[in-house]
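The structure file model.pdb is reproduced below (PDB, C-alpha atoms).
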```
ATOM      1  CA  MET A  12      -8.693  93.790  -5.034
ATOM      2  CA  ARG A  13      -9.765  96.261  -7.699
ATOM      3  CA  SER A  14      -6.848  98.574  -6.876
ATOM      4  CA  ASN A  15      -4.188  95.869  -7.401
ATOM      5  CA  PRO A  16      -2.613  96.860 -10.727
ATOM      6  CA  ALA A  17      -1.147  93.416 -11.487
ATOM      7  CA  ILE A  18      -4.465  91.612 -11.048
ATOM      8  CA  GLN A  19      -6.283  94.390 -12.914
ATOM      9  CA  ALA A  20      -3.873  94.007 -15.829
ATOM     10  CA  ALA A  21      -4.329  90.227 -15.879
ATOM     11  CA  ILE A  22      -8.104  90.639 -15.934
ATOM     12  CA  ASP A  23      -7.962  93.184 -18.766
ATOM     13  CA  LEU A  24      -5.553  90.932 -20.703
ATOM     14  CA  THR A  25      -7.819  87.877 -20.354
ATOM     15  CA  ALA A  26     -11.001  89.830 -21.039
ATOM     16  CA  GLY A  27      -9.419  91.316 -24.132
ATOM     17  CA  ALA A  28      -8.536  87.841 -25.419
ATOM     18  CA  ALA A  29     -12.054  86.628 -24.648
ATOM     19  CA  GLY A  30     -13.437  89.681 -26.355
ATOM     20  CA  ASN A  31     -11.885  89.100 -29.738
ATOM     21  CA  PRO A  32     -14.217  90.693 -32.311
ATOM     22  CA  ARG A  33     -14.518  87.408 -34.180
ATOM     23  CA  GLU A  34     -15.518  85.451 -31.079
ATOM     24  CA  ASN A  35     -18.920  84.328 -29.976
ATOM     25  CA  PRO A  36     -19.762  86.517 -26.926
ATOM     26  CA  SER A  37     -20.634  83.599 -24.644
ATOM     27  CA  PHE A  38     -19.378  85.495 -21.564
ATOM     28  CA  VAL A  39     -17.073  82.581 -20.680
ATOM     29  CA  PRO A  40     -13.488  83.859 -21.040
ATOM     30  CA  GLN A  41     -11.916  80.481 -20.285
ATOM     31  CA  ILE A  42     -13.124  78.894 -23.561
ATOM     32  CA  PRO A  43     -12.848  81.480 -26.332
ATOM     33  CA  SER A  44     -11.330  79.283 -29.045
ATOM     34  CA  ALA A  45     -14.479  77.615 -30.420
ATOM     35  CA  GLY A  46     -16.399  80.863 -30.840
ATOM     36  CA  GLY A  47     -13.312  82.644 -32.119
ATOM     37  CA  THR A  48     -12.712  80.019 -34.778
ATOM     38  CA  ALA A  49     -16.342  80.075 -35.882
ATOM     39  CA  CYS A  50     -16.364  83.862 -36.258
ATOM     40  CA  VAL A  51     -13.038  83.961 -38.109
ATOM     41  CA  LEU A  52     -14.506  81.534 -40.632
ATOM     42  CA  THR A  53     -17.419  83.908 -41.272
ATOM     43  CA  GLY A  54     -15.461  87.185 -41.151
ATOM     44  CA  GLN A  55     -12.260  86.247 -42.975
ATOM     45  CA  PRO A  56     -13.712  86.388 -46.533
ATOM     46  CA  PHE A  57     -14.685  90.045 -46.030
ATOM     47  CA  ASP A  58     -11.191  90.890 -44.813
ATOM     48  CA  THR A  59      -9.649  89.048 -47.767
ATOM     49  CA  MET A  60     -11.802  91.001 -50.222
ATOM     50  CA  LYS A  61     -10.823  94.234 -48.491
ATOM     51  CA  VAL A  62      -7.075  93.610 -48.779
ATOM     52  CA  LYS A  63      -7.309  92.446 -52.412
ATOM     53  CA  MET A  64      -9.343  95.514 -53.423
ATOM     54  CA  GLN A  65      -7.041  97.880 -51.505
ATOM     55  CA  THR A  66      -3.887  96.521 -53.112
ATOM     56  CA  PHE A  67      -5.137  95.807 -56.640
ATOM     57  CA  PRO A  68      -8.082  98.174 -57.256
ATOM     58  CA  ASP A  69      -7.614  98.000 -61.045
ATOM     59  CA  LEU A  70      -8.304  94.255 -61.046
ATOM     60  CA  TYR A  71     -11.697  94.403 -59.329
ATOM     61  CA  ARG A  72     -14.731  96.539 -60.171
ATOM     62  CA  GLY A  73     -16.380  95.982 -56.801
ATOM     63  CA  LEU A  74     -17.077  93.494 -54.011
ATOM     64  CA  THR A  75     -19.149  91.113 -56.149
ATOM     65  CA  ASP A  76     -16.575  91.104 -58.948
ATOM     66  CA  CYS A  77     -13.792  90.432 -56.448
ATOM     67  CA  CYS A  78     -15.711  87.517 -54.920
ATOM     68  CA  LEU A  79     -16.473  85.914 -58.289
ATOM     69  CA  LYS A  80     -12.925  86.291 -59.602
ATOM     70  CA  THR A  81     -11.401  84.966 -56.392
ATOM     71  CA  TYR A  82     -13.624  81.889 -56.526
ATOM     72  CA  SER A  83     -12.902  81.216 -60.197
ATOM     73  CA  GLN A  84      -9.157  81.758 -59.827
ATOM     74  CA  VAL A  85      -8.321  80.095 -56.512
ATOM     75  CA  GLY A  86     -11.498  78.355 -55.416
ATOM     76  CA  PHE A  87     -13.273  78.544 -52.086
ATOM     77  CA  ARG A  88     -10.024  78.279 -50.147
ATOM     78  CA  GLY A  89      -8.969  81.618 -51.639
ATOM     79  CA  PHE A  90     -11.359  83.409 -49.286
ATOM     80  CA  TYR A  91      -9.568  81.967 -46.275
ATOM     81  CA  LYS A  92      -5.940  82.709 -47.046
ATOM     82  CA  GLY A  93      -4.275  84.130 -43.937
ATOM     83  CA  THR A  94      -6.874  82.786 -41.505
ATOM     84  CA  SER A  95      -4.423  81.469 -38.897
ATOM     85  CA  PRO A  96      -2.338  84.677 -38.667
ATOM     86  CA  ALA A  97      -5.614  86.654 -38.639
ATOM     87  CA  LEU A  98      -6.783  84.751 -35.572
ATOM     88  CA  ILE A  99      -3.408  85.163 -33.836
ATOM     89  CA  ALA A 100      -3.302  88.862 -34.768
ATOM     90  CA  ASN A 101      -6.707  89.701 -33.344
ATOM     91  CA  ILE A 102      -6.294  87.746 -30.121
ATOM     92  CA  ALA A 103      -2.842  89.268 -29.542
ATOM     93  CA  GLU A 104      -3.950  92.794 -30.488
ATOM     94  CA  ASN A 105      -7.041  92.852 -28.305
ATOM     95  CA  SER A 106      -5.293  91.217 -25.345
ATOM     96  CA  VAL A 107      -2.532  93.844 -25.365
ATOM     97  CA  LEU A 108      -4.942  96.648 -26.277
ATOM     98  CA  PHE A 109      -7.287  96.119 -23.352
ATOM     99  CA  MET A 110      -4.496  95.390 -20.869
ATOM    100  CA  CYS A 111      -2.751  98.636 -21.852
ATOM    101  CA  TYR A 112      -6.117 100.438 -21.933
ATOM    102  CA  GLY A 113      -6.435  99.850 -18.187
ATOM    103  CA  PHE A 114      -2.893 101.133 -17.581
ATOM    104  CA  CYS A 115      -3.403 104.143 -19.839
ATOM    105  CA  GLN A 116      -6.613 105.055 -18.019
ATOM    106  CA  GLN A 117      -4.563 105.271 -14.820
ATOM    107  CA  VAL A 118      -1.944 107.405 -16.594
ATOM    108  CA  VAL A 119      -4.673 109.775 -17.805
ATOM    109  CA  ARG A 120      -6.041 109.997 -14.232
ATOM    110  CA  LYS A 121      -2.595 110.984 -12.941
ATOM    111  CA  VAL A 122      -2.085 113.549 -15.698
ATOM    112  CA  VAL A 123      -5.408 115.273 -15.047
ATOM    113  CA  GLY A 124      -5.134 114.894 -11.234
ATOM    114  CA  LEU A 125      -7.980 112.443 -10.572
ATOM    115  CA  GLU A 126      -8.247 109.761  -7.883
ATOM    116  CA  LYS A 127      -7.476 106.145  -8.854
ATOM    117  CA  GLN A 128     -11.119 105.068  -8.958
ATOM    118  CA  ALA A 129     -12.488 108.310 -10.449
ATOM    119  CA  LYS A 130     -14.592 108.020 -13.588
ATOM    120  CA  LEU A 131     -12.997 109.353 -16.754
ATOM    121  CA  SER A 132     -14.874 111.463 -19.259
ATOM    122  CA  ASP A 133     -15.586 110.104 -22.736
ATOM    123  CA  LEU A 134     -12.776 112.230 -24.176
ATOM    124  CA  GLN A 135     -10.319 110.998 -21.530
ATOM    125  CA  ASN A 136     -11.253 107.363 -22.246
ATOM    126  CA  ALA A 137     -10.708 108.016 -25.952
ATOM    127  CA  ALA A 138      -7.220 109.382 -25.197
ATOM    128  CA  ALA A 139      -6.401 106.314 -23.064
ATOM    129  CA  GLY A 140      -7.490 104.002 -25.880
ATOM    130  CA  SER A 141      -5.392 105.940 -28.360
ATOM    131  CA  PHE A 142      -2.264 105.594 -26.191
ATOM    132  CA  ALA A 143      -2.929 101.875 -25.643
ATOM    133  CA  SER A 144      -3.173 101.211 -29.376
ATOM    134  CA  ALA A 145       0.487 102.161 -29.880
ATOM    135  CA  PHE A 146       1.505  99.111 -27.816
ATOM    136  CA  ALA A 147      -1.006  96.871 -29.597
ATOM    137  CA  ALA A 148       0.467  97.885 -32.969
ATOM    138  CA  LEU A 149       3.787  96.266 -32.031
ATOM    139  CA  VAL A 150       2.210  92.798 -31.828
ATOM    140  CA  LEU A 151      -0.272  93.419 -34.639
ATOM    141  CA  CYS A 152       2.112  94.509 -37.414
ATOM    142  CA  PRO A 153       4.035  91.207 -37.906
ATOM    143  CA  THR A 154       0.945  88.994 -37.973
ATOM    144  CA  GLU A 155      -0.953  91.391 -40.239
ATOM    145  CA  LEU A 156       2.015  91.470 -42.596
ATOM    146  CA  VAL A 157       1.914  87.680 -43.011
ATOM    147  CA  LYS A 158      -1.890  87.711 -43.352
ATOM    148  CA  CYS A 159      -1.959  90.395 -46.057
ATOM    149  CA  ARG A 160       0.777  88.705 -48.086
ATOM    150  CA  LEU A 161      -1.032  85.362 -48.008
ATOM    151  CA  GLN A 162      -4.305  86.999 -49.049
ATOM    152  CA  THR A 163      -2.767  88.599 -52.153
ATOM    153  CA  MET A 164      -0.248  85.920 -53.126
ATOM    154  CA  TYR A 165      -2.187  84.933 -56.258
ATOM    155  CA  GLU A 166      -2.278  88.505 -57.603
ATOM    156  CA  MET A 167       1.412  89.038 -56.865
ATOM    157  CA  GLU A 168       2.364  85.829 -58.694
ATOM    158  CA  THR A 169       0.131  86.300 -61.759
ATOM    159  CA  SER A 170       1.253  89.920 -62.176
ATOM    160  CA  GLY A 171       4.865  88.745 -62.273
ATOM    161  CA  LYS A 172       5.894  90.756 -59.219
ATOM    162  CA  ILE A 173       7.119  87.616 -57.452
ATOM    163  CA  ALA A 174       7.987  84.073 -58.514
ATOM    164  CA  LYS A 175       5.551  81.261 -57.763
ATOM    165  CA  SER A 176       6.064  79.879 -54.269
ATOM    166  CA  GLN A 177       4.376  77.843 -51.591
ATOM    167  CA  ASN A 178       1.433  79.763 -50.183
ATOM    168  CA  THR A 179       1.730  78.755 -46.544
ATOM    169  CA  VAL A 180       2.276  80.709 -43.334
ATOM    170  CA  TRP A 181       5.659  79.080 -42.798
ATOM    171  CA  SER A 182       6.846  79.783 -46.370
ATOM    172  CA  VAL A 183       5.957  83.477 -45.971
ATOM    173  CA  VAL A 184       7.685  83.652 -42.583
ATOM    174  CA  LYS A 185      10.838  82.004 -43.965
ATOM    175  CA  SER A 186      10.834  84.352 -46.955
ATOM    176  CA  ILE A 187      10.659  87.419 -44.694
ATOM    177  CA  LEU A 188      13.455  86.139 -42.453
ATOM    178  CA  ARG A 189      15.657  85.223 -45.423
ATOM    179  CA  LYS A 190      15.252  88.552 -47.243
ATOM    180  CA  ASP A 191      14.992  91.094 -44.429
ATOM    181  CA  GLY A 192      15.683  89.375 -41.118
ATOM    182  CA  PRO A 193      13.495  89.828 -38.004
ATOM    183  CA  LEU A 194      12.971  93.524 -38.721
ATOM    184  CA  GLY A 195      11.288  92.549 -41.979
ATOM    185  CA  PHE A 196       8.159  91.692 -39.987
ATOM    186  CA  TYR A 197       7.739  95.399 -39.299
ATOM    187  CA  HIS A 198       7.218  96.585 -42.867
ATOM    188  CA  GLY A 199       4.357  99.052 -42.572
ATOM    189  CA  LEU A 200       4.841  99.700 -38.851
ATOM    190  CA  SER A 201       4.650 103.482 -39.250
ATOM    191  CA  SER A 202       1.431 103.092 -41.254
ATOM    192  CA  THR A 203       0.056 100.719 -38.614
ATOM    193  CA  LEU A 204       0.785 103.287 -35.896
ATOM    194  CA  LEU A 205      -0.748 106.081 -37.992
ATOM    195  CA  ARG A 206      -3.871 103.955 -38.313
ATOM    196  CA  GLU A 207      -4.074 102.617 -34.772
ATOM    197  CA  VAL A 208      -3.389 105.728 -32.660
ATOM    198  CA  PRO A 209      -5.985 108.110 -34.163
ATOM    199  CA  GLY A 210      -8.248 105.179 -35.076
ATOM    200  CA  TYR A 211      -8.593 103.963 -31.517
ATOM    201  CA  PHE A 212      -9.235 107.498 -30.318
ATOM    202  CA  PHE A 213     -12.377 107.392 -32.464
ATOM    203  CA  PHE A 214     -12.975 103.720 -31.572
ATOM    204  CA  PHE A 215     -13.049 104.175 -27.803
ATOM    205  CA  GLY A 216     -14.466 107.691 -28.127
ATOM    206  CA  GLY A 217     -17.386 106.482 -30.239
ATOM    207  CA  TYR A 218     -17.940 103.566 -27.870
ATOM    208  CA  GLU A 219     -17.973 105.711 -24.724
ATOM    209  CA  LEU A 220     -20.129 108.435 -26.298
ATOM    210  CA  SER A 221     -22.636 105.820 -27.401
ATOM    211  CA  ARG A 222     -22.671 104.236 -23.935
ATOM    212  CA  SER A 223     -23.291 107.663 -22.407
ATOM    213  CA  PHE A 224     -26.201 108.147 -24.799
ATOM    214  CA  PHE A 225     -27.805 104.840 -23.845
ATOM    215  CA  ALA A 226     -27.123 105.346 -20.113
ATOM    216  CA  SER A 227     -29.002 108.691 -20.070
ATOM    217  CA  GLY A 228     -27.709 109.692 -16.647
ATOM    218  CA  ARG A 229     -27.534 106.165 -15.219
ATOM    219  CA  SER A 230     -24.290 104.271 -14.615
ATOM    220  CA  LYS A 231     -22.765 102.848 -17.785
ATOM    221  CA  ASP A 232     -22.135  99.611 -15.880
ATOM    222  CA  GLU A 233     -25.889  98.986 -15.805
ATOM    223  CA  LEU A 234     -26.240  98.770 -19.587
ATOM    224  CA  GLY A 235     -27.543  95.524 -21.029
ATOM    225  CA  PRO A 236     -26.125  93.483 -23.913
ATOM    226  CA  VAL A 237     -28.003  95.247 -26.734
ATOM    227  CA  PRO A 238     -26.763  98.785 -25.886
ATOM    228  CA  LEU A 239     -23.246  97.401 -25.408
ATOM    229  CA  MET A 240     -23.279  95.727 -28.825
ATOM    230  CA  LEU A 241     -24.675  98.837 -30.501
ATOM    231  CA  SER A 242     -22.049 100.988 -28.772
ATOM    232  CA  GLY A 243     -19.235  98.659 -29.820
ATOM    233  CA  GLY A 244     -20.519  98.578 -33.389
ATOM    234  CA  PHE A 245     -20.725 102.369 -33.485
ATOM    235  CA  GLY A 246     -17.137 102.573 -32.222
ATOM    236  CA  GLY A 247     -15.993 100.245 -35.006
ATOM    237  CA  ILE A 248     -17.724 102.300 -37.674
ATOM    238  CA  CYS A 249     -16.126 105.489 -36.288
ATOM    239  CA  LEU A 250     -12.667 103.879 -36.424
ATOM    240  CA  TRP A 251     -12.864 102.722 -40.021
ATOM    241  CA  LEU A 252     -14.457 105.871 -41.414
ATOM    242  CA  ALA A 253     -11.690 107.926 -39.815
ATOM    243  CA  VAL A 254      -8.622 105.923 -40.822
ATOM    244  CA  TYR A 255      -9.562 103.723 -43.792
ATOM    245  CA  PRO A 256      -7.245 105.518 -46.287
ATOM    246  CA  VAL A 257      -4.323 104.909 -43.911
ATOM    247  CA  ASP A 258      -5.221 101.214 -43.764
ATOM    248  CA  CYS A 259      -5.248 101.118 -47.558
ATOM    249  CA  ILE A 260      -1.727 102.566 -47.692
ATOM    250  CA  LYS A 261      -0.580 100.082 -45.033
ATOM    251  CA  SER A 262      -1.880  97.138 -47.078
ATOM    252  CA  ARG A 263      -0.092  98.412 -50.200
ATOM    253  CA  ILE A 264       3.212  98.760 -48.354
ATOM    254  CA  GLN A 265       3.025  95.359 -46.661
ATOM    255  CA  VAL A 266       2.007  93.463 -49.798
ATOM    256  CA  LEU A 267       4.084  95.204 -52.488
ATOM    257  CA  SER A 268       7.247  95.121 -50.356
ATOM    258  CA  MET A 269       7.351  91.389 -51.238
ATOM    259  CA  SER A 270       8.754  92.355 -54.638
ATOM    260  CA  GLY A 271      11.415  94.743 -53.336
ATOM    261  CA  LYS A 272      11.859  97.982 -51.474
ATOM    262  CA  GLN A 273       8.580  99.891 -51.235
ATOM    263  CA  ALA A 274       8.115 103.650 -50.782
ATOM    264  CA  GLY A 275       7.195 104.801 -47.286
ATOM    265  CA  PHE A 276       3.853 106.156 -46.131
ATOM    266  CA  ILE A 277       4.144 109.596 -47.763
ATOM    267  CA  GLY A 278       5.573 108.249 -51.013
ATOM    268  CA  THR A 279       2.855 105.598 -51.306
ATOM    269  CA  PHE A 280       0.138 108.127 -50.522
ATOM    270  CA  ILE A 281       1.370 110.567 -53.197
ATOM    271  CA  SER A 282       1.708 107.759 -55.752
ATOM    272  CA  ILE A 283      -1.869 106.520 -55.185
ATOM    273  CA  VAL A 284      -3.443 109.988 -55.346
ATOM    274  CA  LYS A 285      -1.392 111.018 -58.389
ATOM    275  CA  ASN A 286      -1.849 107.843 -60.447
ATOM    276  CA  GLU A 287      -5.214 106.465 -59.286
ATOM    277  CA  GLY A 288      -7.079 109.319 -57.631
ATOM    278  CA  VAL A 289      -8.339 109.823 -54.085
ATOM    279  CA  THR A 290     -11.128 107.254 -54.495
ATOM    280  CA  ALA A 291      -8.504 104.478 -54.710
ATOM    281  CA  LEU A 292      -7.801 105.082 -51.023
ATOM    282  CA  TYR A 293     -11.328 103.820 -50.277
ATOM    283  CA  SER A 294     -11.154 100.606 -52.314
ATOM    284  CA  GLY A 295     -12.590  97.757 -50.241
ATOM    285  CA  LEU A 296     -14.526  99.976 -47.853
ATOM    286  CA  LYS A 297     -17.809  98.104 -48.425
ATOM    287  CA  PRO A 298     -16.713  94.685 -47.053
ATOM    288  CA  THR A 299     -15.035  96.472 -44.155
ATOM    289  CA  MET A 300     -18.264  98.247 -43.194
ATOM    290  CA  ILE A 301     -20.276  95.038 -43.558
ATOM    291  CA  ARG A 302     -18.035  93.306 -41.050
ATOM    292  CA  ALA A 303     -17.235  96.200 -38.700
ATOM    293  CA  PHE A 304     -20.517  96.616 -36.842
ATOM    294  CA  PRO A 305     -21.217  93.034 -35.716
ATOM    295  CA  ALA A 306     -17.530  92.278 -35.128
ATOM    296  CA  ASN A 307     -16.852  95.226 -32.834
ATOM    297  CA  GLY A 308     -20.218  94.887 -31.140
ATOM    298  CA  ALA A 309     -19.253  91.349 -30.158
ATOM    299  CA  LEU A 310     -15.808  92.561 -29.060
ATOM    300  CA  PHE A 311     -17.037  95.016 -26.456
ATOM    301  CA  LEU A 312     -19.913  92.825 -25.336
ATOM    302  CA  ALA A 313     -17.577  89.905 -24.600
ATOM    303  CA  TYR A 314     -14.955  92.192 -23.021
ATOM    304  CA  GLU A 315     -17.351  93.960 -20.652
ATOM    305  CA  TYR A 316     -19.094  90.804 -19.467
ATOM    306  CA  SER A 317     -15.877  88.779 -19.163
ATOM    307  CA  ARG A 318     -14.282  91.579 -17.168
ATOM    308  CA  LYS A 319     -17.285  91.935 -14.856
ATOM    309  CA  LEU A 320     -17.365  88.170 -14.270
ATOM    310  CA  MET A 321     -13.684  87.990 -13.378
ATOM    311  CA  MET A 322     -13.797  91.101 -11.189
ATOM    312  CA  SER A 323     -16.717  89.674  -9.198
ATOM    313  CA  GLN A 324     -14.882  86.369  -8.753
ATOM    314  CA  PHE A 325     -11.716  88.047  -7.469
ATOM    315  CA  GLU A 326     -13.612  90.392  -5.169
ATOM    316  CA  ALA A 327     -15.457  87.434  -3.664
ATOM    317  CA  TYR A 328     -12.209  86.213  -2.062
TER
END
```

In structure tokens, how does this file's structure come out?
Amino acid sequence: MRSNPAIQAAIDLTAGAAGNPRENPSFVPQIPSAGGTACVLTGQPFDTMKVKMQTFPDLYRGLTDCCLKTYSQVGFRGFYKGTSPALIANIAENSVLFMCYGFCQQVVRKVVGLEKQAKLSDLQNAAAGSFASAFAALVLCPTELVKCRLQTMYEMETSGKIAKSQNTVWSVVKSILRKDGPLGFYHGLSSTLLREVPGYFFFFGGYELSRSFFASGRSKDELGPVPLMLSGGFGGICLWLAVYPVDCIKSRIQVLSMSGKQAGFIGTFISIVKNEGVTALYSGLKPTMIRAFPANGALFLAYEYSRKLMMSQFEAY
């Protein structure tokens, strides 16, 4: 059963959905929604602070200042703008990512001349993850666009960049369709790809290197939950440290394009460095690091155990 590519893809797709980084790793892939909702509610404020600080660094002196101003300006609900598209984005991204990860591992095996069940090296797994992320970016970009715009709607309105409007998911979606059509959902796609492809090389590379460290010559499949969580957390830290400036540029493009045509990746990068300095590219890094380790640790823990559970069930028949 393990060699059936269709069943393998279905298992990776389901395990990826169960292994959303904001989900409770209960090891039960059939009921991910309760844990996923609970973890979005705890992780969303950090993501909101990150996007606000990336896009409007002059308005906020740091994480604490951003939190206090957000609460005084919009209230508690301001921390949870974009929650529903954030949940959809992460479930969709990780489902596609891990399904394509399995396919890309097979492609890497063919390229390097290995048997179908041969173990890949850490570097080869990193390359497979990098290739898989390009497909995940196609489903991630539209939902992240809506999320980022909702999170910064207050700043865009008070700065006069856009007129006051209804701050709902549907109002943002209608606005995008009315102004730019379906392709408008892909503002920032090139930046998303530039973040995802190298980022997931470091993500999966850091994860596999860490698993190799903990395995110490044993099979990686024998690792317990604590090493898996630590490995996943290390992979998340590697990703964000490597590509955070690209994520900052992506947020700027997706948010500021609400007010009209925005410069592309290179133009936005030059503008930030010239007018604000290199440090502006790291605005919002603190809340990202606070959230990255536990979130990605939970992701890989849930993915590995969900996948093992489903593989054992299929192989039993």

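Distances here use only C-alpha atoms; by that measure, the residue among A:Val150, A:Arg72, A:Ser141, A:Gly275 closest to A:Ser106 is A:Val150.
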
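Note that the spacing between atom CA of A:Gly73 and atom CA of A:Thr179 amounts to 27.0 Å.
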
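Between atom CA of A:Val289 and atom CA of A:Lys63 lies a distance of 17.5 Å.
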
Between A:Thr66, A:Thr279, A:Thr75, A:Thr203, which is the closest to A:Lys297 once you count only C-alpha atoms? A:Thr75

State, in Å with one decimal place, the distance from atom CA of A:Asp58 to atom CA of A:Met269.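 So the answer is 19.6 Å.
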
Using the chain letters and numbers from the file, give me the residues hit by the PyMOL selection byres ((chain A and resi 273) around 12), as a PyMOL selection string. chain A and resi 198-199+260-272+274-280+282

For the file shown, what are the residues hit by the PyMOL selection byres ((chain A and resi 247-254) around 8), laid out as a list in words? Arg206, Pro209, Gly210, Tyr211, Phe212, Phe213, Phe214, Gly217, Gly243, Gly244, Phe245, Gly246, Tyr255, Pro256, Val257, Asp258, Thr299, Met300, Ala303, Phe304, Asn307 and Gly308 of chain A

Selection in question (the file shown): the PyMOL selection byres ((chain A and resi 95) around 12). Which residues does it include, as a list in words? Gly47, Thr48, Val51, Leu52, Gln55, Tyr91, Lys92, Gly93, Thr94, Pro96, Ala97, Leu98, Ile99, Ala100, Asn101, Ile102, Thr154, Glu155, Val157, Lys158, Cys159, Leu161, Gln162, Thr179, Val180 and Trp181 of chain A

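With distances taken over only C-alpha atoms, A:Thr59 is the one residue among A:Ser202, A:Gln65, A:Ser144, A:Thr59 lying closest to A:Thr81.
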
Hey, what's within 12 Å of A:Phe224 if we count only C-alpha atoms and toss same-chain stuff fewer than 5 positions away? As a list in words, please?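 Neighbouring residues, sequence-local ones excluded: Asp133, Gly217, Tyr218, Glu219, Arg229, Ser230, Lys231, Leu234, Pro238, Leu239, Leu241, Ser242 and Phe245 of chain A.
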
So that I have them on file, write out the residues from the current selection with C-alpha atoms, as a short mmCIF file (atom, residue, chain, number, x, y, z; two decimals), keeping the file's coordinate frame.
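Below you can see selection-v3.cif, which holds the result:
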```cif
data_model
loop_
_atom_site.label_atom_id
_atom_site.label_comp_id
_atom_site.auth_asym_id
_atom_site.auth_seq_id
_atom_site.Cartn_x
_atom_site.Cartn_y
_atom_site.Cartn_z
CA ASP A 133 -15.59 110.10 -22.74
CA GLY A 217 -17.39 106.48 -30.24
CA TYR A 218 -17.94 103.57 -27.87
CA GLU A 219 -17.97 105.71 -24.72
CA ARG A 229 -27.53 106.16 -15.22
CA SER A 230 -24.29 104.27 -14.62
CA LYS A 231 -22.76 102.85 -17.78
CA LEU A 234 -26.24 98.77 -19.59
CA PRO A 238 -26.76 98.78 -25.89
CA LEU A 239 -23.25 97.40 -25.41
CA LEU A 241 -24.68 98.84 -30.50
CA SER A 242 -22.05 100.99 -28.77
CA PHE A 245 -20.72 102.37 -33.48
#
```

From the list A:Ala103, A:Ala147, A:Leu70, A:Val123, the nearest residue to A:Leu200 using all atoms listed in the file is A:Ala147
